[in-house]
$ cat input.txt   # compact mmCIF, C-alpha atoms and all ligand atoms
# COMPACT_ATOMS: atom_id res chain seq x y z
CA MET A 1 7.80 -0.85 -31.86
CA GLU A 2 8.81 1.38 -28.99
CA SER A 3 12.40 2.28 -28.41
CA THR A 4 13.63 1.17 -25.01
CA ARG A 5 15.58 4.45 -24.89
CA GLU A 6 12.35 6.38 -24.39
CA HIS A 7 12.09 5.21 -20.81
CA ASN A 8 14.17 3.45 -18.21
CA PHE A 9 11.22 1.62 -16.72
CA LEU A 10 7.86 0.43 -17.94
CA ILE A 11 5.64 -0.12 -14.95
CA LYS A 12 2.19 -1.63 -14.72
CA LEU A 13 -0.03 -0.29 -11.95
CA VAL A 14 -3.49 -1.53 -11.03
CA LEU A 15 -6.17 0.09 -8.90
CA VAL A 16 -8.56 -2.22 -7.09
CA GLY A 17 -11.25 -1.65 -4.52
CA SER A 18 -15.00 -1.83 -4.26
CA SER A 19 -17.32 -0.07 -6.65
CA GLY A 20 -17.71 3.66 -6.02
CA VAL A 21 -14.52 4.26 -4.00
CA GLY A 22 -13.26 6.59 -6.74
CA LYS A 23 -10.71 4.52 -8.69
CA THR A 24 -11.68 5.97 -12.05
CA CYS A 25 -11.71 9.52 -10.67
CA LEU A 26 -8.28 9.00 -9.12
CA ILE A 27 -6.77 7.84 -12.39
CA GLN A 28 -8.38 10.59 -14.42
CA ARG A 29 -7.30 13.21 -11.91
CA TYR A 30 -3.75 11.90 -11.86
CA ASN A 31 -3.85 12.09 -15.64
CA GLY A 32 -4.55 15.81 -15.32
CA ASP A 33 -8.23 15.67 -16.21
CA PRO A 34 -10.70 17.77 -14.21
CA TYR A 35 -12.76 16.09 -11.49
CA ASN A 36 -15.99 14.75 -12.94
CA PRO A 37 -18.69 13.97 -10.35
CA ASP A 38 -21.00 12.42 -12.97
CA ILE A 39 -18.70 9.61 -13.91
CA LEU A 40 -20.37 6.31 -14.79
CA PRO A 41 -19.44 3.10 -12.97
CA SER A 42 -16.74 1.16 -14.78
CA ILE A 43 -17.86 -2.10 -16.27
CA SER A 44 -14.63 -3.29 -17.80
CA GLY A 45 -11.01 -2.53 -17.12
CA ASP A 46 -9.33 0.28 -18.98
CA TRP A 47 -5.85 1.75 -18.90
CA LEU A 48 -3.97 4.90 -19.62
CA VAL A 49 -0.33 5.77 -19.88
CA ARG A 50 1.48 8.51 -18.04
CA LYS A 51 5.17 9.28 -18.35
CA ILE A 52 6.94 10.70 -15.34
CA GLU A 53 10.47 11.27 -14.20
CA VAL A 54 11.44 9.95 -10.80
CA GLY A 55 14.94 10.40 -9.43
CA GLY A 56 16.27 11.22 -12.88
CA LYS A 57 14.78 8.06 -14.39
CA ARG A 58 12.16 8.16 -17.11
CA VAL A 59 9.26 5.98 -16.12
CA LYS A 60 6.31 5.00 -18.23
CA LEU A 61 3.34 4.11 -16.08
CA ARG A 62 0.56 2.01 -17.53
CA ILE A 63 -2.27 2.46 -15.09
CA TRP A 64 -5.13 -0.04 -15.13
CA ASP A 65 -8.59 0.82 -13.90
CA THR A 66 -10.77 -2.10 -12.81
CA SER A 67 -14.37 -2.63 -11.87
CA GLY A 68 -15.15 -3.37 -8.23
CA VAL A 69 -18.70 -4.44 -9.05
CA GLU A 70 -19.29 -7.65 -7.15
CA ARG A 71 -20.30 -9.83 -10.08
CA LEU A 72 -17.29 -8.71 -12.12
CA ARG A 73 -14.71 -9.12 -9.37
CA PRO A 74 -13.36 -12.41 -10.69
CA LEU A 75 -12.29 -10.52 -13.84
CA THR A 76 -10.01 -8.32 -11.76
CA THR A 77 -7.70 -11.23 -11.08
CA SER A 78 -6.50 -11.15 -14.69
CA TYR A 79 -5.47 -7.51 -14.32
CA TYR A 80 -3.00 -8.39 -11.57
CA ARG A 81 -0.97 -10.35 -14.10
CA TYR A 82 2.54 -8.92 -14.52
CA SER A 83 1.61 -5.92 -12.39
CA ASN A 84 4.39 -4.10 -10.57
CA GLY A 85 2.17 -2.20 -8.17
CA VAL A 86 -1.36 -2.38 -6.81
CA PHE A 87 -3.30 0.39 -5.07
CA LEU A 88 -5.90 -1.01 -2.67
CA VAL A 89 -8.50 1.74 -2.57
CA TYR A 90 -11.33 2.35 -0.10
CA ASP A 91 -13.59 5.33 0.57
CA VAL A 92 -13.15 6.98 3.98
CA ALA A 93 -16.92 7.63 3.97
CA SER A 94 -17.79 3.96 3.44
CA GLU A 95 -17.31 1.41 6.19
CA GLY A 96 -18.23 -1.34 3.73
CA SER A 97 -15.46 -0.42 1.30
CA PHE A 98 -12.95 -0.47 4.19
CA ASN A 99 -14.18 -3.88 5.36
CA ASP A 100 -13.91 -5.14 1.78
CA ILE A 101 -10.18 -4.38 1.80
CA GLN A 102 -9.70 -6.73 4.74
CA SER A 103 -12.21 -9.38 3.74
CA TYR A 104 -11.61 -9.46 0.00
CA TRP A 105 -9.13 -7.18 -1.78
CA SER A 106 -6.02 -7.79 0.32
CA GLN A 107 -6.48 -11.53 -0.10
CA SER A 108 -7.24 -11.31 -3.78
CA VAL A 109 -4.07 -9.24 -4.33
CA ASN A 110 -1.94 -11.65 -2.33
CA GLN A 111 -3.34 -14.57 -4.28
CA HIS A 112 -3.16 -13.19 -7.78
CA ALA A 113 -0.61 -10.36 -8.00
CA PRO A 114 3.07 -11.19 -8.49
CA GLU A 115 4.81 -11.73 -5.17
CA LYS A 116 7.10 -8.75 -5.70
CA ALA A 117 4.34 -6.31 -6.59
CA THR A 118 4.36 -3.20 -4.39
CA LYS A 119 1.09 -2.56 -2.59
CA ILE A 120 -0.21 0.72 -1.19
CA LEU A 121 -3.39 1.27 0.81
CA VAL A 122 -5.33 4.37 -0.25
CA GLY A 123 -8.23 5.99 1.59
CA ASN A 124 -9.96 8.22 -0.97
CA LYS A 125 -12.46 11.09 -0.48
CA SER A 126 -10.59 12.73 2.40
CA ASP A 127 -12.55 15.87 1.48
CA LEU A 128 -15.75 14.34 2.90
CA ILE A 129 -15.12 15.59 6.43
CA GLU A 130 -18.70 15.35 7.71
CA ARG A 131 -19.38 11.98 6.15
CA ARG A 132 -16.12 10.32 7.16
CA VAL A 133 -16.60 7.04 9.04
CA VAL A 134 -13.10 5.51 8.74
CA SER A 135 -10.56 7.47 10.80
CA THR A 136 -7.00 8.07 9.66
CA LYS A 137 -5.84 5.95 12.60
CA ARG A 138 -7.86 2.93 11.47
CA GLY A 139 -6.44 3.28 7.98
CA GLU A 140 -2.92 3.39 9.40
CA GLU A 141 -3.58 0.37 11.59
CA LEU A 142 -4.84 -1.64 8.65
CA ALA A 143 -1.83 -0.61 6.54
CA ASP A 144 0.50 -1.65 9.36
CA LYS A 145 -1.29 -4.96 9.65
CA LEU A 146 -0.88 -5.53 5.91
CA GLY A 147 2.69 -4.24 6.09
CA ILE A 148 2.18 -1.67 3.32
CA PRO A 149 2.32 2.15 3.02
CA PHE A 150 -0.80 4.26 3.47
CA PHE A 151 -2.08 7.51 1.96
CA GLU A 152 -5.29 9.42 2.41
CA VAL A 153 -6.17 11.26 -0.78
CA SER A 154 -8.93 13.19 -2.46
CA ALA A 155 -9.51 12.85 -6.19
CA LYS A 156 -12.01 15.69 -5.89
CA ASN A 157 -9.63 18.20 -4.33
CA ASN A 158 -6.50 16.70 -5.86
CA LEU A 159 -4.92 16.04 -2.46
CA GLU A 160 -1.94 13.71 -2.00
CA LEU A 161 -2.56 11.82 -5.25
CA GLY A 162 0.75 12.76 -6.78
CA LYS A 163 2.53 11.71 -3.61
CA ALA A 164 0.88 8.29 -3.58
CA PHE A 165 1.81 7.62 -7.23
CA HIS A 166 5.30 9.01 -6.74
CA THR A 167 5.95 6.80 -3.72
CA MET A 168 4.59 3.78 -5.56
CA THR A 169 6.90 4.48 -8.51
CA LEU A 170 9.94 5.01 -6.27
CA LEU A 171 9.36 1.80 -4.37
CA ILE A 172 8.90 -0.17 -7.58
CA THR A 173 11.98 1.25 -9.29
CA LYS A 174 13.97 0.41 -6.18
CA THR A 175 12.77 -3.21 -6.29
CA LEU A 176 13.50 -3.45 -9.99
CA MET A 177 16.97 -2.00 -9.67
CA ASN A 178 17.75 -4.39 -6.87
CA ASP A 179 16.55 -7.27 -9.02
CA ASN A 180 18.62 -5.88 -11.86
CA GLU A 181 17.29 -8.28 -14.45
CA PRO A 182 17.55 -6.44 -17.77
CA GLY A 183 14.50 -6.88 -19.98
CA ASP A 184 12.68 -9.04 -17.45
CA SER A 185 9.62 -10.00 -19.46
CA GLN A 186 7.83 -11.44 -16.43
CA SER A 187 7.39 -8.04 -14.87
CA GLY A 188 7.00 -6.30 -18.23
CA VAL A 189 9.86 -4.04 -17.29
CA VAL A 190 12.55 -2.41 -19.34
CA VAL A 191 15.58 -1.90 -17.18
CA ASP A 192 18.23 0.50 -18.37
CA PRO A 193 21.54 -1.33 -18.09
CA LYS A 194 23.07 1.96 -16.98
CA ALA A 195 20.61 2.18 -14.10
CA ASN A 196 22.66 2.46 -10.95
CA SER A 197 21.20 1.10 -7.73
CA LYS A 198 23.68 3.19 -5.78
CA SER A 199 22.11 6.44 -6.95
CA PRO A 200 21.56 9.03 -4.20
CA TYR A 201 17.81 9.19 -4.80
CA LEU A 202 17.41 5.56 -3.91
CA ARG A 203 19.52 5.95 -0.81
CA ASN A 204 17.16 8.73 0.20
CA LEU A 205 14.09 6.64 -0.53
CA ALA A 206 13.42 5.54 3.03
CA GLY A 207 13.61 9.10 4.33
CA LEU A 208 11.49 10.37 1.49
CA PHE A 209 8.83 7.81 2.12
CA ALA A 210 8.75 8.51 5.86
CA ARG A 211 8.41 12.23 5.14
CA SER A 212 5.62 11.84 2.65
CA ARG A 213 3.73 9.64 5.06
CA ASP A 214 4.14 12.21 7.83
CA GLN A 215 2.94 14.95 5.54
CA SER A 216 0.08 12.81 4.36
CA ASN A 217 -1.02 12.21 7.92
CA ARG A 218 -0.61 15.85 8.84
CA ALA A 219 -2.61 16.98 5.84
CA SER A 220 -5.46 14.64 6.64
CA MET A 221 -5.51 15.75 10.26
CA LEU A 222 -5.77 19.39 9.19
CA ASN A 223 -8.83 18.66 7.04
N1 LIG B 1 -16.31 13.70 -2.47
C1 LIG B 1 -15.61 12.93 -3.29
N2 LIG B 1 -16.22 12.15 -4.19
C2 LIG B 1 -15.44 11.39 -5.00
C3 LIG B 1 -14.04 11.40 -4.94
N3 LIG B 1 -13.57 10.53 -5.85
C4 LIG B 1 -14.63 10.02 -6.46
N4 LIG B 1 -15.78 10.52 -5.97
C5 LIG B 1 -17.16 10.22 -6.39
O1 LIG B 1 -17.41 8.86 -6.11
C6 LIG B 1 -18.22 8.28 -7.12
C7 LIG B 1 -17.56 7.03 -7.66
O2 LIG B 1 -16.36 7.39 -8.34
P1 LIG B 1 -15.68 6.42 -9.40
O3 LIG B 1 -14.38 7.00 -9.79
O4 LIG B 1 -16.65 6.10 -10.50
O5 LIG B 1 -15.49 5.11 -8.49
P2 LIG B 1 -15.00 3.66 -8.95
O6 LIG B 1 -16.22 2.79 -9.06
O7 LIG B 1 -14.11 3.19 -7.84
O8 LIG B 1 -14.26 3.82 -10.23
C8 LIG B 1 -18.44 9.36 -8.17
O9 LIG B 1 -19.70 9.94 -7.96
C9 LIG B 1 -17.35 10.36 -7.90
O10 LIG B 1 -17.74 11.64 -8.25
C10 LIG B 1 -13.40 12.25 -3.97
O11 LIG B 1 -12.18 12.34 -3.82
N5 LIG B 1 -14.25 12.99 -3.18
MG MG B 2 -14.60 3.01 -12.06
$ encode --input "input.txt" --output "structure tokens"
Amino acid sequence: MESTREHNFLIKLVLVGSSGVGKTCLIQRYNGDPYNPDILPSISGDWLVRKIEVGGKRVKLRIWDTSGVERLRPLTTSYYRYSNGVFLVYDVASEGSFNDIQSYWSQSVNQHAPEKATKILVGNKSDLIERRVVSTKRGEELADKLGIPFFEVSAKNNLELGKAFHTMTLLITKTLMNDNEPGDSQSGVVVDPKANSKSPYLRNLAGLFARSRDQSNRASMLN
């Protein structure tokens, strides 16, 4: 049995998106593993744990990988259960994967993920400059339409991944601290009773998020 003192928050994250957008690569890269171009398509969901510190709080992230293969999509709905955050991932070199976000994934998340789950739109493979078909602007427009933050990343070149996960974690911890429901089993969260929603890092959250989005956009424009 784990001691609740080990971490202030236990957060469940899920990555969804069509097959081949790079969900597994993103998770492995974020976990510190080298980029592996020969990765096999995921059949079933899998998860790994990463511990990080955000704003002086110890956070344990349990990150779920899912399969975007069409015939297995219904299975994904069970992964949304008790999730605190969902990354909606597309591939900037695949128009189809971008369309799938609008026609399938955003609806499936809204239907099956907890209402309070934080959502972030992620355009992966920003390194594929020649093959890009979805512009940064279109990604931003879709994110605005969905009312969620947006990052362009590259699992291959390890660009902006950390920022996307960091922002997700910050936004979730902010929600949880506002809720302030110690030991809320619905969200699978351990809330430190000493957690103080008036901490300076949370006050700076809005500015931090705006900055990271600016930087994210700038970085993708430079590519
Ligand atoms: N160029 C490029 N290829 C990537 C990137 N991320 C993943 N891939 C490739 O895309 C393919 C699908 O990746 P995978 O992680 O299995 O996608 P998943 O089905 O969403 O889990 C693999 O051949 C990866 O090597 C990236 O950032 N850039
Ligand atoms: Mg996969």
$ atom_distance --input "input.txt" --atom1 "atom CA of A:Val133" --atom2 "atom CA of A:Ala155"
17.8 Å
$ closest_atom_pairs --input "input.txt" --of "chain A" --to "ligand MG 2 (chain B)" --cutoff "7 Å" --atoms "all atoms listed in the file" --output "tab-separated table"
residue	atom	partner	partner_atom	distance
A:Ser19	CA	B:MG2	MG	6.8
A:Gly20	CA	B:MG2	MG	6.8
A:Gly22	CA	B:MG2	MG	6.6
A:Lys23	CA	B:MG2	MG	5.4
A:Thr24	CA	B:MG2	MG	4.2
A:Pro41	CA	B:MG2	MG	4.9
A:Ser42	CA	B:MG2	MG	3.9
A:Asp65	CA	B:MG2	MG	6.7
A:Thr66	CA	B:MG2	MG	6.4
A:Ser67	CA	B:MG2	MG	5.6
$ residues_near_ligand --input "input.txt" --ligand "ligand LIG 1 (chain B)" --cutoff "10 Å" --atoms "all atoms listed in the file" --output "count of residues only"
53
$ atom_distance --input "input.txt" --atom1 "atom CA of A:Gln107" --atom2 "atom CA of A:Leu171"
21.1 Å
$ residues_around --input "input.txt" --residues "A:Phe87" --least-positions-apart "5" --cutoff "8 Å" --atoms "all atoms listed in the file" --output "ChimeraX atom specification"
/A:13-16,119-122
$ closest_residue --input "input.txt" --among "A:Ile63, A:Gly85, A:Lys12, A:Ala143" --to "A:Ile101" --atoms "all atoms listed in the file"
A:Ala143
$ atom_distance --input "input.txt" --atom1 "atom CA of A:Leu170" --atom2 "atom CA of A:Asn84"
11.5 Å
$ closest_residue --input "input.txt" --among "A:Lys116, A:Lys174, A:Lys57, A:Lys51" --to "A:Val86" --atoms "only C-alpha atoms"
A:Lys116
$ closest_residue --input "input.txt" --among "A:Asp144, A:Met177, A:Ala117, A:Thr76" --to "A:Asp46" --atoms "all atoms listed in the file"
A:Thr76
$ closest_residue --input "input.txt" --among "A:Gly162, A:Gly147, A:Pro34, A:Gly56" --to "A:Ser106" --atoms "all atoms listed in the file"
A:Gly147
$ residues_around --input "input.txt" --residues "A:Val59" --least-positions-apart "5" --cutoff "8 Å" --atoms "only C-alpha atoms" --output "VMD selection string"
chain A and resid 7 to 11 51 to 54
$ write_last_selection --input "input.txt" --atoms "C-alpha atoms" --output "compact mmCIF listing (two decimals), in the frame of the given file"
# COMPACT_ATOMS: atom_id res chain seq x y z
CA HIS A 7 12.09 5.21 -20.81
CA ASN A 8 14.17 3.45 -18.21
CA PHE A 9 11.22 1.62 -16.72
CA LEU A 10 7.86 0.43 -17.94
CA ILE A 11 5.64 -0.12 -14.95
CA LYS A 51 5.17 9.28 -18.35
CA ILE A 52 6.94 10.70 -15.34
CA GLU A 53 10.47 11.27 -14.20
CA VAL A 54 11.44 9.95 -10.80
